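The next block is upload27.csv, given as CSV, C-alpha atoms.
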chain,number,residue,atom,x,y,z
F,1,MET,CA,20.7,-68.9,47.2
F,2,THR,CA,22.7,-66.0,48.4
F,3,GLN,CA,26.1,-64.7,47.3
F,4,SER,CA,27.7,-61.8,49.2
F,5,THR,CA,30.9,-59.8,49.1
F,6,GLY,CA,30.1,-57.6,52.1
F,7,GLU,CA,27.6,-56.2,54.4
F,8,THR,CA,26.2,-53.7,52.0
F,9,LYS,CA,26.6,-55.6,48.7
F,10,THR,CA,24.3,-58.7,48.8
F,11,LEU,CA,23.0,-60.4,45.6
F,12,ARG,CA,20.1,-62.7,46.2
F,13,ALA,CA,18.3,-65.2,44.0
F,14,ALA,CA,15.0,-67.0,44.1
F,15,ILE,CA,14.5,-69.9,41.7
F,16,LEU,CA,11.0,-70.6,40.4
F,17,PRO,CA,10.6,-73.8,38.2
F,18,VAL,CA,8.0,-72.9,35.5
F,19,THR,CA,6.2,-74.7,32.7
F,20,ALA,CA,6.0,-78.4,32.3
F,21,PHE,CA,9.7,-78.4,31.6
F,22,GLN,CA,10.4,-77.1,35.1
F,23,GLN,CA,12.7,-74.4,33.8
F,24,ASN,CA,14.5,-72.4,36.5
F,25,CYS,CA,13.1,-68.9,36.1
F,26,THR,CA,15.3,-66.8,38.4
F,27,LEU,CA,14.6,-63.6,40.3
F,28,LEU,CA,17.9,-61.9,41.0
F,29,TRP,CA,18.1,-58.8,43.1
F,30,ASP,CA,20.2,-56.6,45.4
F,31,ASP,CA,19.1,-57.1,49.0
F,32,VAL,CA,19.8,-53.5,49.9
F,33,THR,CA,18.1,-51.7,47.0
F,34,LYS,CA,15.5,-54.4,46.3
F,35,VAL,CA,16.0,-53.8,42.6
F,36,GLY,CA,16.5,-56.7,40.3
F,37,ALA,CA,15.7,-58.7,37.2
F,38,VAL,CA,13.8,-61.7,35.9
F,39,VAL,CA,16.0,-64.2,34.2
F,40,ASP,CA,14.3,-66.5,31.6
F,41,PRO,CA,10.6,-66.1,32.2
F,42,GLY,CA,9.5,-69.1,30.3
F,43,GLY,CA,5.8,-69.1,31.5
F,44,ASP,CA,3.5,-69.4,34.5
F,45,LEU,CA,3.7,-65.6,34.8
F,46,ASP,CA,1.1,-65.4,37.5
F,47,ASP,CA,3.4,-67.4,39.7
F,48,VAL,CA,6.4,-65.2,38.7
F,49,ARG,CA,4.5,-61.9,39.4
F,50,LYS,CA,3.3,-63.3,42.7
F,51,ALA,CA,6.9,-64.1,43.8
F,52,ILE,CA,8.0,-60.6,42.7
F,53,ALA,CA,5.3,-59.1,44.9
F,54,GLU,CA,6.0,-61.3,47.9
F,55,LEU,CA,9.7,-60.6,47.8
F,56,GLY,CA,9.1,-56.8,47.4
F,57,ILE,CA,11.4,-56.5,44.4
F,58,LYS,CA,11.3,-53.7,41.8
F,59,ILE,CA,12.1,-55.4,38.5
F,60,GLU,CA,14.3,-53.2,36.2
F,61,LYS,CA,14.7,-55.7,33.3
F,62,ILE,CA,14.2,-59.1,31.8
F,63,VAL,CA,17.3,-61.1,30.9
F,64,LEU,CA,17.3,-64.1,28.4
F,65,THR,CA,20.0,-66.7,28.2
F,66,HIS,CA,18.6,-68.2,24.9
F,67,GLY,CA,15.5,-68.4,22.7
F,68,HIS,CA,13.9,-71.7,23.7
F,69,ILE,CA,10.2,-71.7,24.6
F,70,ASP,CA,10.7,-72.8,28.2
F,71,HIS,CA,13.1,-69.9,28.8
F,72,ALA,CA,11.6,-67.1,26.7
F,73,GLY,CA,7.9,-68.0,26.2
F,74,GLY,CA,6.7,-65.4,28.7
F,75,ALA,CA,9.1,-62.6,27.9
F,76,LYS,CA,6.9,-60.5,25.7
F,77,ALA,CA,3.9,-60.6,28.0
F,78,LEU,CA,6.0,-59.9,31.1
F,79,ARG,CA,7.7,-57.0,29.4
F,80,GLU,CA,4.3,-55.5,28.6
F,81,ALA,CA,3.1,-56.1,32.2
F,82,LEU,CA,6.1,-54.6,33.9
F,83,GLY,CA,7.1,-52.0,31.4
F,84,VAL,CA,10.7,-53.0,31.3
F,85,GLU,CA,13.2,-53.9,28.6
F,86,ILE,CA,14.6,-57.3,27.6
F,87,GLU,CA,18.4,-57.9,27.3
F,88,GLY,CA,19.8,-61.0,25.5
F,89,PRO,CA,20.4,-63.5,24.1
F,90,HIS,CA,22.9,-63.3,21.2
F,91,VAL,CA,21.4,-62.3,17.9
F,92,ALA,CA,22.1,-65.8,16.6
F,93,ASP,CA,18.9,-66.9,18.4
F,94,ARG,CA,16.7,-64.5,16.6
F,95,PHE,CA,15.1,-67.3,14.6
F,96,LEU,CA,14.0,-69.0,17.8
F,97,LEU,CA,12.5,-65.9,19.3
F,98,ASP,CA,10.7,-65.1,16.0
F,99,ASN,CA,9.2,-68.6,16.1
F,100,LEU,CA,8.1,-68.7,19.8
F,101,ALA,CA,4.4,-69.1,18.9
F,102,LYS,CA,5.2,-72.2,16.8
F,103,GLN,CA,7.4,-73.6,19.5
F,104,GLY,CA,4.7,-73.0,22.1
F,105,ALA,CA,2.0,-74.7,20.0
F,106,ALA,CA,4.1,-77.8,19.8
F,107,TYR,CA,4.4,-78.0,23.6
F,108,GLY,CA,1.1,-76.5,24.7
F,109,ILE,CA,2.7,-73.3,26.0
F,110,PRO,CA,1.1,-70.0,24.9
F,111,ALA,CA,3.8,-67.6,23.6
F,112,ASP,CA,4.3,-64.7,21.3
F,113,PRO,CA,7.3,-63.8,19.2
F,114,VAL,CA,9.6,-61.3,20.9
F,115,THR,CA,12.5,-59.1,19.9
F,116,PRO,CA,14.9,-58.1,22.7
F,117,ASP,CA,15.6,-54.4,23.3
F,118,ARG,CA,19.2,-55.3,23.3
F,119,TRP,CA,21.1,-58.2,21.8
F,120,LEU,CA,24.2,-59.3,23.6
F,121,GLU,CA,27.7,-60.0,22.3
F,122,GLU,CA,30.8,-61.8,23.8
F,123,GLY,CA,32.8,-59.4,25.9
F,124,GLU,CA,29.9,-57.0,26.7
F,125,THR,CA,28.5,-56.6,30.2
F,126,ILE,CA,25.0,-56.2,31.6
F,127,THR,CA,24.0,-54.6,34.9
F,128,ILE,CA,21.5,-56.2,37.3
F,129,ALA,CA,20.7,-54.1,40.4
F,130,GLY,CA,24.0,-52.4,40.2
F,131,HIS,CA,26.0,-55.6,39.9
F,132,THR,CA,28.0,-56.1,36.7
F,133,PHE,CA,27.8,-59.4,34.8
F,134,GLU,CA,30.1,-60.3,31.9
F,135,VAL,CA,28.6,-61.9,28.8
F,136,LEU,CA,30.0,-65.1,27.4
F,137,HIS,CA,28.7,-66.4,24.1
F,138,CYS,CA,28.5,-70.2,24.6
F,139,PRO,CA,26.8,-71.7,21.5
F,140,GLY,CA,26.0,-75.4,21.1
F,141,HIS,CA,22.7,-75.9,22.8
F,142,SER,CA,21.4,-73.0,20.7
F,143,PRO,CA,23.4,-70.8,18.4
F,144,GLY,CA,22.8,-67.7,20.6
F,145,SER,CA,23.1,-69.1,24.1
F,146,VAL,CA,24.8,-66.7,26.5
F,147,VAL,CA,26.1,-67.1,30.0
F,148,PHE,CA,26.4,-64.3,32.6
F,149,VAL,CA,29.3,-64.1,35.0
F,150,ASN,CA,29.6,-61.9,38.1
F,151,ARG,CA,33.2,-62.2,39.4
F,152,PRO,CA,32.9,-60.4,42.7
F,153,HIS,CA,30.1,-62.8,43.9
F,154,ARG,CA,31.5,-65.8,42.0
F,155,LEU,CA,28.1,-66.4,40.5
F,156,ILE,CA,27.1,-67.6,37.0
F,157,LEU,CA,23.7,-67.6,35.3
F,158,MET,CA,24.2,-70.6,33.1
F,159,GLY,CA,21.1,-71.1,31.1
F,160,ASP,CA,21.2,-74.6,29.5
F,161,VAL,CA,24.9,-74.7,28.8
F,162,LEU,CA,26.0,-76.7,31.8
F,163,PHE,CA,24.0,-78.6,34.5
F,164,ARG,CA,24.7,-80.5,37.6
F,165,GLY,CA,26.0,-83.8,36.1
F,166,SER,CA,25.0,-83.0,32.5
F,167,ILE,CA,25.2,-80.5,29.7
F,168,GLY,CA,22.7,-78.8,27.3
F,169,ARG,CA,21.0,-80.9,24.7
F,170,THR,CA,22.5,-80.7,21.2
F,171,ASP,CA,20.2,-83.0,19.3
F,172,PHE,CA,18.4,-80.2,17.5
F,173,PRO,CA,19.1,-79.5,13.8
F,174,TYR,CA,21.0,-76.4,14.9
F,175,GLY,CA,22.7,-78.1,17.9
F,176,ASP,CA,26.5,-78.4,18.0
F,177,HIS,CA,28.0,-80.8,20.6
F,178,ALA,CA,31.6,-79.9,19.8
F,179,ALA,CA,30.9,-76.2,20.1
F,180,LEU,CA,29.2,-76.7,23.4
F,181,ILE,CA,32.0,-78.7,24.9
F,182,ASN,CA,34.5,-76.1,23.6
F,183,ALA,CA,32.6,-73.2,25.2
F,184,ILE,CA,32.5,-75.1,28.5
F,185,THR,CA,36.1,-76.1,28.6
F,186,THR,CA,37.6,-72.8,27.2
F,187,LYS,CA,35.3,-70.2,28.8
F,188,LEU,CA,33.6,-71.7,31.9
F,189,LEU,CA,36.0,-74.1,33.5
F,190,PRO,CA,38.8,-71.5,33.5
F,191,LEU,CA,36.7,-69.2,35.7
F,192,GLY,CA,37.6,-71.3,38.7
F,193,ASP,CA,36.2,-74.1,40.9
F,194,GLU,CA,34.7,-71.7,43.5
F,195,PHE,CA,32.2,-70.2,41.0
F,196,ALA,CA,28.6,-71.3,41.8
F,197,PHE,CA,26.0,-71.4,39.0
F,198,ILE,CA,22.3,-71.4,38.6
F,199,CYS,CA,21.4,-73.5,35.6
F,200,GLY,CA,18.2,-73.7,33.4
F,201,HIS,CA,16.9,-76.9,35.0
F,202,GLY,CA,17.6,-78.8,38.2
F,203,PRO,CA,19.8,-78.0,41.2
F,204,THR,CA,22.6,-75.5,41.4
F,205,SER,CA,26.2,-76.6,41.3
F,206,THR,CA,29.8,-75.3,41.1
F,207,ILE,CA,32.4,-75.3,38.4
F,208,GLY,CA,34.6,-77.4,40.7
F,209,GLU,CA,32.0,-80.0,41.3
F,210,GLU,CA,31.3,-80.4,37.5
F,211,ARG,CA,35.0,-80.4,36.7
F,212,ARG,CA,35.4,-83.4,39.1
F,213,SER,CA,32.3,-85.4,38.5
F,214,ASN,CA,30.4,-84.4,35.3
F,215,PRO,CA,30.6,-87.4,33.0
F,216,PHE,CA,30.6,-85.2,29.9
F,217,LEU,CA,33.7,-83.4,31.1
F,218,THR,CA,35.8,-86.1,32.8
Take the structure in the file and write it out as structure tokens.
Amino acid sequence: MTQSTGETKTLRAAILPVTAFQQNCTLLWDDVTKVGAVVDPGGDLDDVRKAIAELGIKIEKIVLTHGHIDHAGGAKALREALGVEIEGPHVADRFLLDNLAKQGAAYGIPADPVTPDRWLEEGETITIAGHTFEVLHCPGHSPGSVVFVNRPHRLILMGDVLFRGSIGRTDFPYGDHAALINAITTKLLPLGDEFAFICGHGPTSTIGEERRSNPFLT
């Protein structure tokens, strides 16, 4: 998937489904500088590092959308291997990241607890390869889920908030369906139909497509 606003400002993404959950670990980089980030390294780190090497990317950071095992299970090990920092999610997901080993044991995914170098709040921004992404706090699937929005490229890193034809699960003890729908309708849909997004599982989509056809929103 490629999003571009000009000849010298190209943002590229490679999606690697990892773990038995087929979670979309995303490599995001600038095609000019070859500097980028790993978004949600849930596991299968040998495959992730192989892809980084094959693409010739210099990873500057790891970014987490939320604290579930399939998204964050490999974060600590990858941080140690690459010598980079972790940004995100919102601090409300601390309890999930503190219990990654327990989460992993339940699903057969090796993982260690991890504390991000930077927790993220609504209204802050992060920089990936020189491109600025706005942080939207979108709880419901997890208390600390965040979504990253790059307006120039009309690109969203969605995590498990919204999918093609579906939304994030809320049947956890801490899940909140009403909060999730509120975040989608008040923060994401107003961004505009032309925004494309990479979600945590399955194919990419656009805000416009989900506004028209997602059964949870129509």
Would you pick out the contacts of region 41-47 of chain F at 6 Å or less, using only C-alpha atoms, so that residues sharing its chain but fewer than 5 positions from it are not included, and give the list as a list in words?
Val18, Thr19, Cys25, Asp70, His71, Ala72, Gly73, Gly74 and Ala75 of chain F
Given only C-alpha atoms as the basis, pick out the residue of F:Thr115, F:Thr65, F:Thr206, F:Ser213 nearest to His141 (chain F).
F:Thr65
Shortest interatomic distance to Asp93 (chain F) - which of F:Thr132, F:Gln23, F:Ser142, F:Thr125, counting all atoms listed in the file:
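Nearest to Asp93 (chain F): F:Ser142.
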Neighbours of Glu85 (chain F) within 8 Å (all atoms listed in the file; same-chain residues fewer than 5 positions away dropped), as an mmCIF file with C-alpha atoms, keeping the file's coordinate frame?
data_model
loop_
_atom_site.group_PDB
_atom_site.id
_atom_site.type_symbol
_atom_site.label_atom_id
_atom_site.label_comp_id
_atom_site.auth_asym_id
_atom_site.auth_seq_id
_atom_site.Cartn_x
_atom_site.Cartn_y
_atom_site.Cartn_z
ATOM 1 C CA GLU F 60 14.300 -53.200 36.200
ATOM 2 C CA LYS F 61 14.700 -55.700 33.300
ATOM 3 C CA ILE F 62 14.200 -59.100 31.800
ATOM 4 C CA ARG F 79 7.700 -57.000 29.400
ATOM 5 C CA PRO F 116 14.900 -58.100 22.700
ATOM 6 C CA ASP F 117 15.600 -54.400 23.300
#
Residues near region 166-171 of chain F, cut-off 8 Å, all atoms listed in the file, skip fewer than 3 positions along chain, as a ChimeraX atom specification:
/F:140-142,160-163,174-177,180,214-216
Those same residues - C-alpha atoms - I'd like them written as a PDB file, keeping the file's coordinate frame.
ATOM      1  CA  GLY F 140      26.000 -75.400  21.100  1.00  0.00           C
ATOM      2  CA  HIS F 141      22.700 -75.900  22.800  1.00  0.00           C
ATOM      3  CA  SER F 142      21.400 -73.000  20.700  1.00  0.00           C
ATOM      4  CA  ASP F 160      21.200 -74.600  29.500  1.00  0.00           C
ATOM      5  CA  VAL F 161      24.900 -74.700  28.800  1.00  0.00           C
ATOM      6  CA  LEU F 162      26.000 -76.700  31.800  1.00  0.00           C
ATOM      7  CA  PHE F 163      24.000 -78.600  34.500  1.00  0.00           C
ATOM      8  CA  TYR F 174      21.000 -76.400  14.900  1.00  0.00           C
ATOM      9  CA  GLY F 175      22.700 -78.100  17.900  1.00  0.00           C
ATOM     10  CA  ASP F 176      26.500 -78.400  18.000  1.00  0.00           C
ATOM     11  CA  HIS F 177      28.000 -80.800  20.600  1.00  0.00           C
ATOM     12  CA  LEU F 180      29.200 -76.700  23.400  1.00  0.00           C
ATOM     13  CA  ASN F 214      30.400 -84.400  35.300  1.00  0.00           C
ATOM     14  CA  PRO F 215      30.600 -87.400  33.000  1.00  0.00           C
ATOM     15  CA  PHE F 216      30.600 -85.200  29.900  1.00  0.00           C
TER      16      PHE F 216
END
Which residues are close to Leu97 (chain F), i.e. within 7 Å by all atoms listed in the file, leaving aside same-chain residues fewer than 2 positions away? Reply as a VMD selection string.
chain F and resid 67 93 to 95 99 to 100 113 to 115
Interatomic distance (Å, one decimal) between CA of Pro139 (chain F) and CA of Ala179 (chain F)
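The value is 6.2 Å.
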Which residue, F:Leu78, F:Leu64, F:Ala105, F:Leu157, has the smallest gap to Arg118 (chain F) when you use all atoms listed in the file?
F:Leu64
At what distance in Å, to one decimal, does CA of Gly165 (chain F) lie from CA of Leu217 (chain F)?
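Separating CA of Leu217 (chain F) from CA of Gly165 (chain F) is a distance of 9.2 Å.
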Check the smallest atom-to-atom distance from each of F:Ile69, F:Ile207, F:Leu120, F:Leu155 to Asp98 (chain F) using all atoms listed in the file, then report the winner.
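Looking only at the distances to Asp98 (chain F), the closest residue turns out to be F:Ile69.
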Report, in Å to a single decimal, how far apart CA of Arg164 (chain F) and CA of Asn150 (chain F) are.
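One can read the CA of Asn150 (chain F) to CA of Arg164 (chain F) distance as 19.2 Å.
Among the candidate residues F:Ile15, F:Val39, F:Val146, F:Val135, the one lying nearest to His90 (chain F) is F:Val146, with distances computed using all atoms listed in the file.
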Counting all atoms listed in the file, find residues at most 7 Å from (24.4, -70.0, 38.7) (file frame) and give them as a PDB file with C-alpha atoms, in the frame of the given file.
ATOM      1  CA  LEU F 155      28.100 -66.400  40.500  1.00  0.00           C
ATOM      2  CA  ILE F 156      27.100 -67.600  37.000  1.00  0.00           C
ATOM      3  CA  LEU F 157      23.700 -67.600  35.300  1.00  0.00           C
ATOM      4  CA  MET F 158      24.200 -70.600  33.100  1.00  0.00           C
ATOM      5  CA  ALA F 196      28.600 -71.300  41.800  1.00  0.00           C
ATOM      6  CA  PHE F 197      26.000 -71.400  39.000  1.00  0.00           C
ATOM      7  CA  ILE F 198      22.300 -71.400  38.600  1.00  0.00           C
ATOM      8  CA  CYS F 199      21.400 -73.500  35.600  1.00  0.00           C
ATOM      9  CA  THR F 204      22.600 -75.500  41.400  1.00  0.00           C
TER      10      THR F 204
END
